[in-house]
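A.B. asks: Here you go, this is protein.cif (mmCIF, C-alpha atoms).
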```cif
data_input
#
loop_
_atom_site.group_PDB
_atom_site.id
_atom_site.type_symbol
_atom_site.label_atom_id
_atom_site.label_comp_id
_atom_site.auth_asym_id
_atom_site.auth_seq_id
_atom_site.Cartn_x
_atom_site.Cartn_y
_atom_site.Cartn_z
ATOM 1 C CA MET A 5 9.780 17.925 -7.625
ATOM 2 C CA ASP A 6 12.563 17.514 -5.057
ATOM 3 C CA VAL A 7 12.547 14.692 -2.543
ATOM 4 C CA TYR A 8 11.377 16.892 0.355
ATOM 5 C CA GLN A 9 8.391 18.083 -1.642
ATOM 6 C CA ALA A 10 7.540 14.534 -2.697
ATOM 7 C CA LEU A 11 7.710 13.311 0.910
ATOM 8 C CA ASN A 12 5.494 16.144 2.147
ATOM 9 C CA GLU A 13 2.923 15.861 -0.646
ATOM 10 C CA ARG A 14 2.603 12.081 -0.794
ATOM 11 C CA HIS A 15 -0.479 11.007 1.141
ATOM 12 C CA ALA A 16 -2.426 7.746 1.313
ATOM 13 C CA THR A 17 -5.137 7.942 -1.347
ATOM 14 C CA ARG A 18 -8.213 5.886 -0.511
ATOM 15 C CA TRP A 19 -10.205 6.617 -3.661
ATOM 16 C CA PHE A 20 -8.852 7.136 -7.153
ATOM 17 C CA THR A 21 -10.522 8.502 -10.274
ATOM 18 C CA ASP A 22 -11.152 6.294 -13.306
ATOM 19 C CA GLN A 23 -8.271 7.895 -15.228
ATOM 20 C CA GLN A 24 -5.850 5.213 -16.376
ATOM 21 C CA ILE A 25 -2.072 5.392 -16.042
ATOM 22 C CA PRO A 26 0.029 5.069 -19.214
ATOM 23 C CA LYS A 27 2.192 1.943 -19.263
ATOM 24 C CA ALA A 28 5.248 4.072 -20.016
ATOM 25 C CA THR A 29 4.662 6.004 -16.777
ATOM 26 C CA LEU A 30 4.428 2.783 -14.777
ATOM 27 C CA GLU A 31 7.653 1.547 -16.339
ATOM 28 C CA LYS A 32 9.413 4.815 -15.508
ATOM 29 C CA ILE A 33 8.276 4.660 -11.871
ATOM 30 C CA ILE A 34 9.470 1.079 -11.418
ATOM 31 C CA SER A 35 12.767 1.808 -13.133
ATOM 32 C CA ALA A 36 13.404 4.686 -10.719
ATOM 33 C CA ALA A 37 12.586 2.511 -7.688
ATOM 34 C CA GLU A 38 15.152 -0.047 -8.843
ATOM 35 C CA GLU A 39 17.907 2.329 -7.746
ATOM 36 C CA VAL A 40 17.333 1.522 -4.059
ATOM 37 C CA PRO A 41 19.968 -0.569 -2.250
ATOM 38 C CA SER A 42 19.438 -4.148 -1.139
ATOM 39 C CA TRP A 43 21.479 -6.641 0.888
ATOM 40 C CA VAL A 44 24.629 -7.372 -1.164
ATOM 41 C CA ASN A 45 22.631 -6.171 -4.176
ATOM 42 C CA SER A 46 20.428 -9.260 -3.801
ATOM 43 C CA GLN A 47 17.354 -7.543 -5.301
ATOM 44 C CA PRO A 48 15.203 -10.427 -4.011
ATOM 45 C CA TYR A 49 11.812 -8.989 -4.904
ATOM 46 C CA GLN A 50 9.571 -9.490 -7.892
ATOM 47 C CA VAL A 51 7.169 -6.813 -9.124
ATOM 48 C CA HIS A 52 3.766 -7.665 -10.593
ATOM 49 C CA VAL A 53 1.783 -4.761 -12.076
ATOM 50 C CA VAL A 54 -1.919 -5.431 -12.551
ATOM 51 C CA THR A 55 -4.203 -3.250 -14.683
ATOM 52 C CA GLY A 56 -7.162 -3.592 -17.041
ATOM 53 C CA GLU A 57 -9.298 -6.736 -17.101
ATOM 54 C CA THR A 58 -7.017 -8.621 -14.718
ATOM 55 C CA LEU A 59 -7.381 -5.878 -12.130
ATOM 56 C CA GLN A 60 -11.142 -5.820 -12.630
ATOM 57 C CA SER A 61 -11.303 -9.581 -12.014
ATOM 58 C CA ILE A 62 -9.293 -9.262 -8.799
ATOM 59 C CA ARG A 63 -11.481 -6.350 -7.684
ATOM 60 C CA GLN A 64 -14.673 -8.353 -8.256
ATOM 61 C CA GLU A 65 -13.350 -11.372 -6.363
ATOM 62 C CA HIS A 66 -12.200 -9.152 -3.507
ATOM 63 C CA GLN A 67 -15.571 -7.467 -3.216
ATOM 64 C CA HIS A 68 -17.358 -10.835 -3.265
ATOM 65 C CA LEU A 69 -15.179 -12.272 -0.497
ATOM 66 C CA GLY A 70 -15.888 -9.210 1.620
ATOM 67 C CA ASP A 71 -19.631 -9.396 0.926
ATOM 68 C CA VAL A 72 -19.831 -13.007 2.121
ATOM 69 C CA GLY A 73 -17.956 -12.172 5.313
ATOM 70 C CA GLU A 74 -14.578 -13.766 4.599
ATOM 71 C CA HIS A 75 -11.741 -12.617 6.827
ATOM 72 C CA GLY A 76 -8.357 -11.726 5.390
ATOM 73 C CA HIS A 77 -5.371 -14.019 5.788
ATOM 74 C CA SER A 78 -2.360 -12.430 4.132
ATOM 75 C CA ASP A 79 0.901 -14.279 3.478
ATOM 76 C CA LEU A 80 2.653 -11.849 5.831
ATOM 77 C CA PRO A 81 1.220 -12.393 9.344
ATOM 78 C CA VAL A 82 -0.782 -9.560 10.879
ATOM 79 C CA MET A 83 -0.283 -8.586 14.525
ATOM 80 C CA ALA A 84 -3.190 -7.425 16.695
ATOM 81 C CA ARG A 85 -3.064 -3.765 17.723
ATOM 82 C CA SER A 86 -2.878 -4.801 21.371
ATOM 83 C CA ALA A 87 0.460 -6.513 20.689
ATOM 84 C CA TRP A 88 2.131 -3.362 19.334
ATOM 85 C CA SER A 89 4.235 -1.031 21.474
ATOM 86 C CA ALA A 90 2.486 1.572 23.619
ATOM 87 C CA GLN A 91 3.762 4.356 21.358
ATOM 88 C CA ALA A 92 2.418 2.618 18.257
ATOM 89 C CA GLN A 93 -0.957 1.992 19.905
ATOM 90 C CA ASP A 94 -1.238 5.666 20.879
ATOM 91 C CA ASN A 95 -0.498 6.721 17.302
ATOM 92 C CA MET A 96 -3.041 4.261 15.894
ATOM 93 C CA GLN A 97 -5.719 5.436 18.323
ATOM 94 C CA ALA A 98 -5.113 9.105 17.545
ATOM 95 C CA TRP A 99 -5.449 8.352 13.839
ATOM 96 C CA SER A 100 -8.646 6.342 14.355
ATOM 97 C CA ASP A 101 -10.180 9.059 16.538
ATOM 98 C CA GLY A 102 -9.738 11.634 13.788
ATOM 99 C CA ILE A 103 -11.425 9.614 11.032
ATOM 100 C CA ALA A 104 -15.009 10.342 12.071
ATOM 101 C CA GLN A 105 -14.258 14.052 12.149
ATOM 102 C CA SER A 106 -12.683 13.927 8.692
ATOM 103 C CA VAL A 107 -15.135 11.605 6.941
ATOM 104 C CA GLY A 108 -18.372 12.000 8.893
ATOM 105 C CA PRO A 109 -20.650 9.801 11.017
ATOM 106 C CA ASP A 110 -20.906 7.109 8.315
ATOM 107 C CA TRP A 111 -17.135 6.737 8.167
ATOM 108 C CA GLN A 112 -17.109 2.988 8.786
ATOM 109 C CA LYS A 113 -19.398 2.262 5.843
ATOM 110 C CA ILE A 114 -17.631 4.766 3.588
ATOM 111 C CA MET A 115 -14.198 3.360 4.371
ATOM 112 C CA GLY A 116 -15.455 -0.209 4.104
ATOM 113 C CA ASP A 117 -16.979 0.433 0.680
ATOM 114 C CA ALA A 118 -13.744 1.995 -0.577
ATOM 115 C CA ALA A 119 -11.647 -0.887 0.732
ATOM 116 C CA GLY A 120 -14.042 -3.450 -0.729
ATOM 117 C CA LYS A 121 -13.511 -1.940 -4.170
ATOM 118 C CA LEU A 122 -9.741 -1.771 -3.655
ATOM 119 C CA TYR A 123 -9.932 2.015 -3.538
ATOM 120 C CA ASN A 124 -10.679 2.141 -7.281
ATOM 121 C CA ALA A 125 -6.945 1.901 -7.905
ATOM 122 C CA GLN A 126 -6.150 1.991 -11.620
ATOM 123 C CA ALA A 127 -3.015 -0.110 -11.151
ATOM 124 C CA ILE A 128 -1.889 -2.335 -8.318
ATOM 125 C CA VAL A 129 1.784 -3.083 -7.872
ATOM 126 C CA TYR A 130 2.197 -6.387 -6.040
ATOM 127 C CA LEU A 131 5.574 -6.875 -4.367
ATOM 128 C CA THR A 132 6.670 -10.429 -3.625
ATOM 129 C CA LEU A 133 9.584 -12.284 -2.077
ATOM 130 C CA PRO A 134 10.689 -15.873 -2.700
ATOM 131 C CA GLU A 135 9.873 -18.625 -0.245
ATOM 132 C CA GLY A 136 12.442 -18.742 2.554
ATOM 133 C CA TYR A 137 13.397 -15.081 2.148
ATOM 134 C CA SER A 138 15.787 -13.422 4.582
ATOM 135 C CA GLU A 139 14.111 -11.079 7.050
ATOM 136 C CA TRP A 140 16.564 -8.438 5.822
ATOM 137 C CA SER A 141 14.742 -8.609 2.511
ATOM 138 C CA LEU A 142 11.654 -7.109 4.167
ATOM 139 C CA TYR A 143 13.655 -3.940 4.754
ATOM 140 C CA ASP A 144 14.856 -3.979 1.140
ATOM 141 C CA LEU A 145 11.317 -4.483 -0.140
ATOM 142 C CA GLY A 146 10.043 -1.626 2.037
ATOM 143 C CA ALA A 147 12.715 0.671 0.641
ATOM 144 C CA PHE A 148 11.729 -0.320 -2.888
ATOM 145 C CA GLY A 149 8.049 0.356 -2.155
ATOM 146 C CA MET A 150 8.736 3.802 -0.701
ATOM 147 C CA ALA A 151 10.973 4.720 -3.634
ATOM 148 C CA LEU A 152 8.220 3.624 -5.996
ATOM 149 C CA MET A 153 5.649 5.842 -4.268
ATOM 150 C CA LEU A 154 7.971 8.856 -4.324
ATOM 151 C CA ALA A 155 8.715 8.323 -8.010
ATOM 152 C CA ALA A 156 4.977 8.031 -8.606
ATOM 153 C CA LYS A 157 4.346 11.323 -6.826
ATOM 154 C CA ASP A 158 6.977 13.011 -8.967
ATOM 155 C CA ALA A 159 5.078 11.708 -12.015
ATOM 156 C CA GLY A 160 1.776 13.110 -10.699
ATOM 157 C CA ILE A 161 0.514 9.689 -9.594
ATOM 158 C CA ASP A 162 -0.933 9.110 -6.131
ATOM 159 C CA SER A 163 -0.531 5.928 -4.125
ATOM 160 C CA MET A 164 -1.849 3.732 -1.343
ATOM 161 C CA PRO A 165 0.075 0.874 0.297
ATOM 162 C CA ALA A 166 -2.596 -1.275 1.906
ATOM 163 C CA TYR A 167 -3.294 -4.605 3.545
ATOM 164 C CA GLN A 168 -6.507 -4.839 1.519
ATOM 165 C CA PHE A 169 -4.543 -5.518 -1.650
ATOM 166 C CA VAL A 170 -2.954 -8.652 -0.158
ATOM 167 C CA SER A 171 -5.592 -9.705 2.375
ATOM 168 C CA PHE A 172 -6.825 -12.546 0.123
ATOM 169 C CA PRO A 173 -3.728 -13.982 -1.570
ATOM 170 C CA GLU A 174 -5.736 -16.621 -3.413
ATOM 171 C CA GLU A 175 -7.644 -13.977 -5.380
ATOM 172 C CA VAL A 176 -4.330 -12.662 -6.675
ATOM 173 C CA ARG A 177 -2.988 -16.132 -7.458
ATOM 174 C CA HIS A 178 -6.189 -16.927 -9.349
ATOM 175 C CA ASN A 179 -5.469 -14.081 -11.709
ATOM 176 C CA ILE A 180 -1.697 -13.741 -12.071
ATOM 177 C CA GLN A 181 1.055 -16.307 -12.333
ATOM 178 C CA LEU A 182 3.338 -16.375 -9.318
ATOM 179 C CA GLU A 183 6.347 -18.639 -9.002
ATOM 180 C CA ASN A 184 5.903 -21.661 -6.741
ATOM 181 C CA GLY A 185 6.285 -20.461 -3.163
ATOM 182 C CA GLU A 186 6.402 -16.770 -4.063
ATOM 183 C CA LYS A 187 5.097 -14.793 -1.068
ATOM 184 C CA LEU A 188 2.758 -11.872 -1.583
ATOM 185 C CA ILE A 189 4.098 -9.216 0.788
ATOM 186 C CA MET A 190 2.519 -5.880 -0.166
ATOM 187 C CA GLY A 191 0.272 -4.243 -2.699
ATOM 188 C CA ILE A 192 0.498 -0.575 -3.668
ATOM 189 C CA GLY A 193 -2.464 1.022 -5.410
ATOM 190 C CA LEU A 194 -1.721 3.736 -7.946
ATOM 191 C CA GLY A 195 -3.897 6.293 -9.710
ATOM 192 C CA TYR A 196 -5.092 9.878 -9.655
ATOM 193 C CA ARG A 197 -6.598 11.177 -6.412
ATOM 194 C CA ASP A 198 -10.316 11.952 -6.429
ATOM 195 C CA ALA A 199 -10.372 15.342 -4.716
ATOM 196 C CA GLU A 200 -14.113 15.041 -3.948
ATOM 197 C CA ALA A 201 -13.949 11.694 -2.139
ATOM 198 C CA ALA A 202 -14.614 11.894 1.611
ATOM 199 C CA VAL A 203 -12.032 9.204 2.382
ATOM 200 C CA ASN A 204 -9.329 11.402 0.884
ATOM 201 C CA ARG A 205 -9.907 13.987 3.603
ATOM 202 C CA ILE A 206 -8.308 11.707 6.196
ATOM 203 C CA THR A 207 -5.056 13.099 7.525
ATOM 204 C CA SER A 208 -2.445 11.850 9.949
ATOM 205 C CA THR A 209 0.226 13.437 12.088
ATOM 206 C CA ARG A 210 3.819 12.431 12.701
ATOM 207 C CA LEU A 211 5.679 12.328 15.981
ATOM 208 C CA PRO A 212 7.800 15.376 16.789
ATOM 209 C CA ILE A 213 11.405 14.578 15.992
ATOM 210 C CA ASP A 214 12.447 14.866 19.658
ATOM 211 C CA GLN A 215 10.004 12.062 20.591
ATOM 212 C CA MET A 216 11.490 9.540 18.191
ATOM 213 C CA THR A 217 15.103 10.597 17.690
ATOM 214 C CA THR A 218 18.110 10.496 19.997
ATOM 215 C CA PHE A 219 21.333 12.157 18.932
ATOM 216 C CA HIS A 220 24.444 10.588 20.450
ATOM 217 C CA ASP A 221 27.438 12.956 20.377
#
```
Can you present the structure in this file as structure tokens?
C.D. replies:
Amino acid sequence: MDVYQALNERHATRWFTDQQIPKATLEKIISAAEEVPSWVNSQPYQVHVVTGETLQSIRQEHQHLGDVGEHGHSDLPVMARSAWSAQAQDNMQAWSDGIAQSVGPDWQKIMGDAAGKLYNAQAIVYLTLPEGYSEWSLYDLGAFGMALMLAAKDAGIDSMPAYQFVSFPEEVRHNIQLENGEKLIMGIGLGYRDAEAAVNRITSTRLPIDQMTTFHD
């Protein structure tokens, strides 16, 4: 699979099958992502891959916190939609408007159930940065995450980067050992897409290139 094909075929997967991912495949994906550049080769991130019983424990805690009405409070601050740029708000609204058409009238419950179960991901890759990280490291970590998802797609593995995976940092820290002060920035769910799941019918559009790009001769 070439990079253009991987970019075009990678889509957010909101429900995975129960098929597990071989450890060797996960290692290959992470090794490929390591080729991305970082500020002065700082490679500031740590990668925590959660599967099996540890993942099941995190999933159960996450579902319980949602059931009792807890609100997320990720290590990386979340900004209200109303604070985003007008262009970003328009894109978000267009995406939201299309969900009901894609999923059906019960879309809120269906999406909520999937999120509560962490999308049935068969592996979650948690990406962290050390306390006091440079803001440039957020760019480096994003590049690493995208490279990981493209490598996963090449290996036949689907992905989902999602706030839900990091919305309750304490549930992750209860189950895996993080260094003192290590900040939980993003979680990427991996697995095999369930083609029958309604939430996997959701699509999104991208801005035309002339609306986001300016060429300066």
A.B. asks: Nearest to A:Thr29: which of A:Asp214, A:Asp158, A:Glu183, A:Glu175 is it, counting all atoms listed in the file?
C.D. replies: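 Of A:Asp214, A:Asp158, A:Glu183, A:Glu175, the one nearest A:Thr29, counting all atoms listed in the file, is A:Asp158.
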A.B. asks: Taking the file above as input, evaluate the PyMOL selection byres ((chain A and resi 194-201) around 7) and report the hits as a short mmCIF file (atom, residue, chain, number, x, y, z; two decimals) with C-alpha atoms, in the frame of the given file.
C.D. replies:
```
data_model
loop_
_atom_site.label_atom_id
_atom_site.label_comp_id
_atom_site.auth_asym_id
_atom_site.auth_seq_id
_atom_site.Cartn_x
_atom_site.Cartn_y
_atom_site.Cartn_z
CA THR A 17 -5.14 7.94 -1.35
CA TRP A 19 -10.20 6.62 -3.66
CA PHE A 20 -8.85 7.14 -7.15
CA THR A 21 -10.52 8.50 -10.27
CA GLN A 23 -8.27 7.90 -15.23
CA ILE A 25 -2.07 5.39 -16.04
CA ALA A 125 -6.94 1.90 -7.90
CA GLN A 126 -6.15 1.99 -11.62
CA ALA A 127 -3.02 -0.11 -11.15
CA ILE A 128 -1.89 -2.34 -8.32
CA ILE A 161 0.51 9.69 -9.59
CA ASP A 162 -0.93 9.11 -6.13
CA SER A 163 -0.53 5.93 -4.12
CA MET A 164 -1.85 3.73 -1.34
CA ILE A 192 0.50 -0.57 -3.67
CA GLY A 193 -2.46 1.02 -5.41
CA ALA A 202 -14.61 11.89 1.61
CA VAL A 203 -12.03 9.20 2.38
CA ASN A 204 -9.33 11.40 0.88
#
```
A.B. asks: Give the answer as one residue: which of A:Pro212, A:Gly160, A:Gly73, A:Pro48 has the shortest atom-to-atom distance to A:Met5, using only C-alpha atoms?
C.D. replies: A:Gly160
A.B. asks: Evaluate the PyMOL selection byres ((chain A and resi 101-115) around 8) on the structure here and hand back the selected residues as a list of chain:residue names.
C.D. replies: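 Written out, the selection comes to A:Gln97, A:Ala98, A:Trp99, A:Ser100, A:Gly116, A:Asp117, A:Ala118, A:Ala119, A:Ala202, A:Val203, A:Arg205, A:Ile206, A:Thr207.
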A.B. asks: Might you spell out which residues the PyMOL selection byres ((chain A and resi 47) around 10) would select in the displayed file, as a count of residues only?
C.D. replies: 16
A.B. asks: Compare A:His77, A:Arg18, A:Lys32, A:His66 by their minimum atom-to-atom distance to A:Ile189, counting all atoms listed in the file, and give me the closest one.
C.D. replies: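 Smallest separation from A:Ile189 among the options: A:His77.
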A.B. asks: Suppose you want the space between atom CA of A:Leu142 and atom CA of A:Met190; what is it in Å?
C.D. replies: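 Between atom CA of A:Leu142 and atom CA of A:Met190 the gap is 10.2 Å.
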A.B. asks: How many Å lie between atom CA of A:Arg63 and atom CA of A:Leu80, rounded to one decimal?
C.D. replies: 20.3 Å
A.B. asks: Do you have the atom CA of A:Met96-atom CA of A:Ser208 distance handy?
C.D. replies: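 These two atoms are separated by 9.7 Å.
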A.B. asks: If you count all atoms listed in the file, which residues fall within 6 Å of A:Ile33, apart from same-chain ones fewer than 6 positions away, as a list in words?
C.D. replies: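 Neighbouring residues, sequence-local ones excluded: Leu152, Ala155 and Ala156 of chain A.
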A.B. asks: Please enclose the listed atoms of stretch 155-172 of chain A in an axis-aligned box, pad each side by 6 Å, and write out the centre and the three edge lengths in Å, rounded to one decimal, as JSON.
C.D. replies:
```
{"center_x": 0.9, "center_y": 0.3, "center_z": -4.2, "size_x": 27.5, "size_y": 37.7, "size_z": 27.6}
```
A.B. asks: Kindly indicate which residue among A:Ser35, A:Ser138, A:Asn12, A:Gln67 lies nearest to A:Leu122, using only C-alpha atoms for the distances.
C.D. replies: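 For A:Leu122, the nearest of the candidates is A:Gln67.
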A.B. asks: Return the single residue from A:Gln64, A:Thr217, A:Thr58, A:Gln168 that is closest to A:Gln181, with distances computed using only C-alpha atoms.
C.D. replies: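 Among A:Gln64, A:Thr217, A:Thr58, A:Gln168, it is A:Thr58 that comes nearest to A:Gln181.
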A.B. asks: Mind writing stretch 84-100 of chain A to a file for me, with N, CA and C atoms, as a JSON list (two decimals), in the first residue's frame?
C.D. replies:
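Result saved to result_23.json:
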```
[["chain", "number", "residue", "atom", "x", "y", "z"],
["A", 84, "ALA", "N", -13.82, 24.49, 24.38],
["A", 84, "ALA", "CA", -15.21, 24.46, 23.93],
["A", 84, "ALA", "C", -15.30, 24.77, 22.44],
["A", 85, "ARG", "N", -16.27, 24.15, 21.76],
["A", 85, "ARG", "CA", -16.42, 24.39, 20.33],
["A", 85, "ARG", "C", -16.57, 25.87, 20.01],
["A", 86, "SER", "N", -17.26, 26.60, 20.89],
["A", 86, "SER", "CA", -17.51, 28.02, 20.64],
["A", 86, "SER", "C", -16.23, 28.86, 20.64],
["A", 87, "ALA", "N", -15.15, 28.30, 21.17],
["A", 87, "ALA", "CA", -13.88, 29.03, 21.22],
["A", 87, "ALA", "C", -13.00, 28.77, 20.00],
["A", 88, "TRP", "N", -13.41, 27.82, 19.15],
["A", 88, "TRP", "CA", -12.63, 27.51, 17.95],
["A", 88, "TRP", "C", -12.87, 28.57, 16.88],
["A", 89, "SER", "N", -12.06, 28.55, 15.84],
["A", 89, "SER", "CA", -12.23, 29.50, 14.74],
["A", 89, "SER", "C", -13.56, 29.24, 14.02],
["A", 90, "ALA", "N", -14.03, 30.23, 13.29],
["A", 90, "ALA", "CA", -15.29, 30.09, 12.56],
["A", 90, "ALA", "C", -15.21, 28.94, 11.56],
["A", 91, "GLN", "N", -14.08, 28.81, 10.88],
["A", 91, "GLN", "CA", -13.92, 27.72, 9.91],
["A", 91, "GLN", "C", -14.01, 26.36, 10.60],
["A", 92, "ALA", "N", -13.35, 26.23, 11.75],
["A", 92, "ALA", "CA", -13.39, 24.97, 12.48],
["A", 92, "ALA", "C", -14.81, 24.66, 12.96],
["A", 93, "GLN", "N", -15.51, 25.67, 13.45],
["A", 93, "GLN", "CA", -16.88, 25.46, 13.92],
["A", 93, "GLN", "C", -17.79, 25.02, 12.78],
["A", 94, "ASP", "N", -17.62, 25.60, 11.61],
["A", 94, "ASP", "CA", -18.43, 25.21, 10.45],
["A", 94, "ASP", "C", -18.16, 23.74, 10.09],
["A", 95, "ASN", "N", -16.90, 23.34, 10.12],
["A", 95, "ASN", "CA", -16.56, 21.96, 9.80],
["A", 95, "ASN", "C", -17.13, 20.99, 10.83],
["A", 96, "MET", "N", -17.05, 21.36, 12.10],
["A", 96, "MET", "CA", -17.61, 20.51, 13.17],
["A", 96, "MET", "C", -19.12, 20.36, 13.00],
["A", 97, "GLN", "N", -19.79, 21.48, 12.70],
["A", 97, "GLN", "CA", -21.25, 21.44, 12.58],
["A", 97, "GLN", "C", -21.68, 20.59, 11.39],
["A", 98, "ALA", "N", -20.96, 20.72, 10.28],
["A", 98, "ALA", "CA", -21.30, 19.92, 9.10],
["A", 98, "ALA", "C", -21.14, 18.44, 9.39],
["A", 99, "TRP", "N", -20.09, 18.09, 10.14],
["A", 99, "TRP", "CA", -19.88, 16.70, 10.51],
["A", 99, "TRP", "C", -21.00, 16.21, 11.42],
["A", 100, "SER", "N", -21.35, 17.01, 12.42],
["A", 100, "SER", "CA", -22.40, 16.62, 13.36],
["A", 100, "SER", "C", -23.74, 16.45, 12.65]]
```
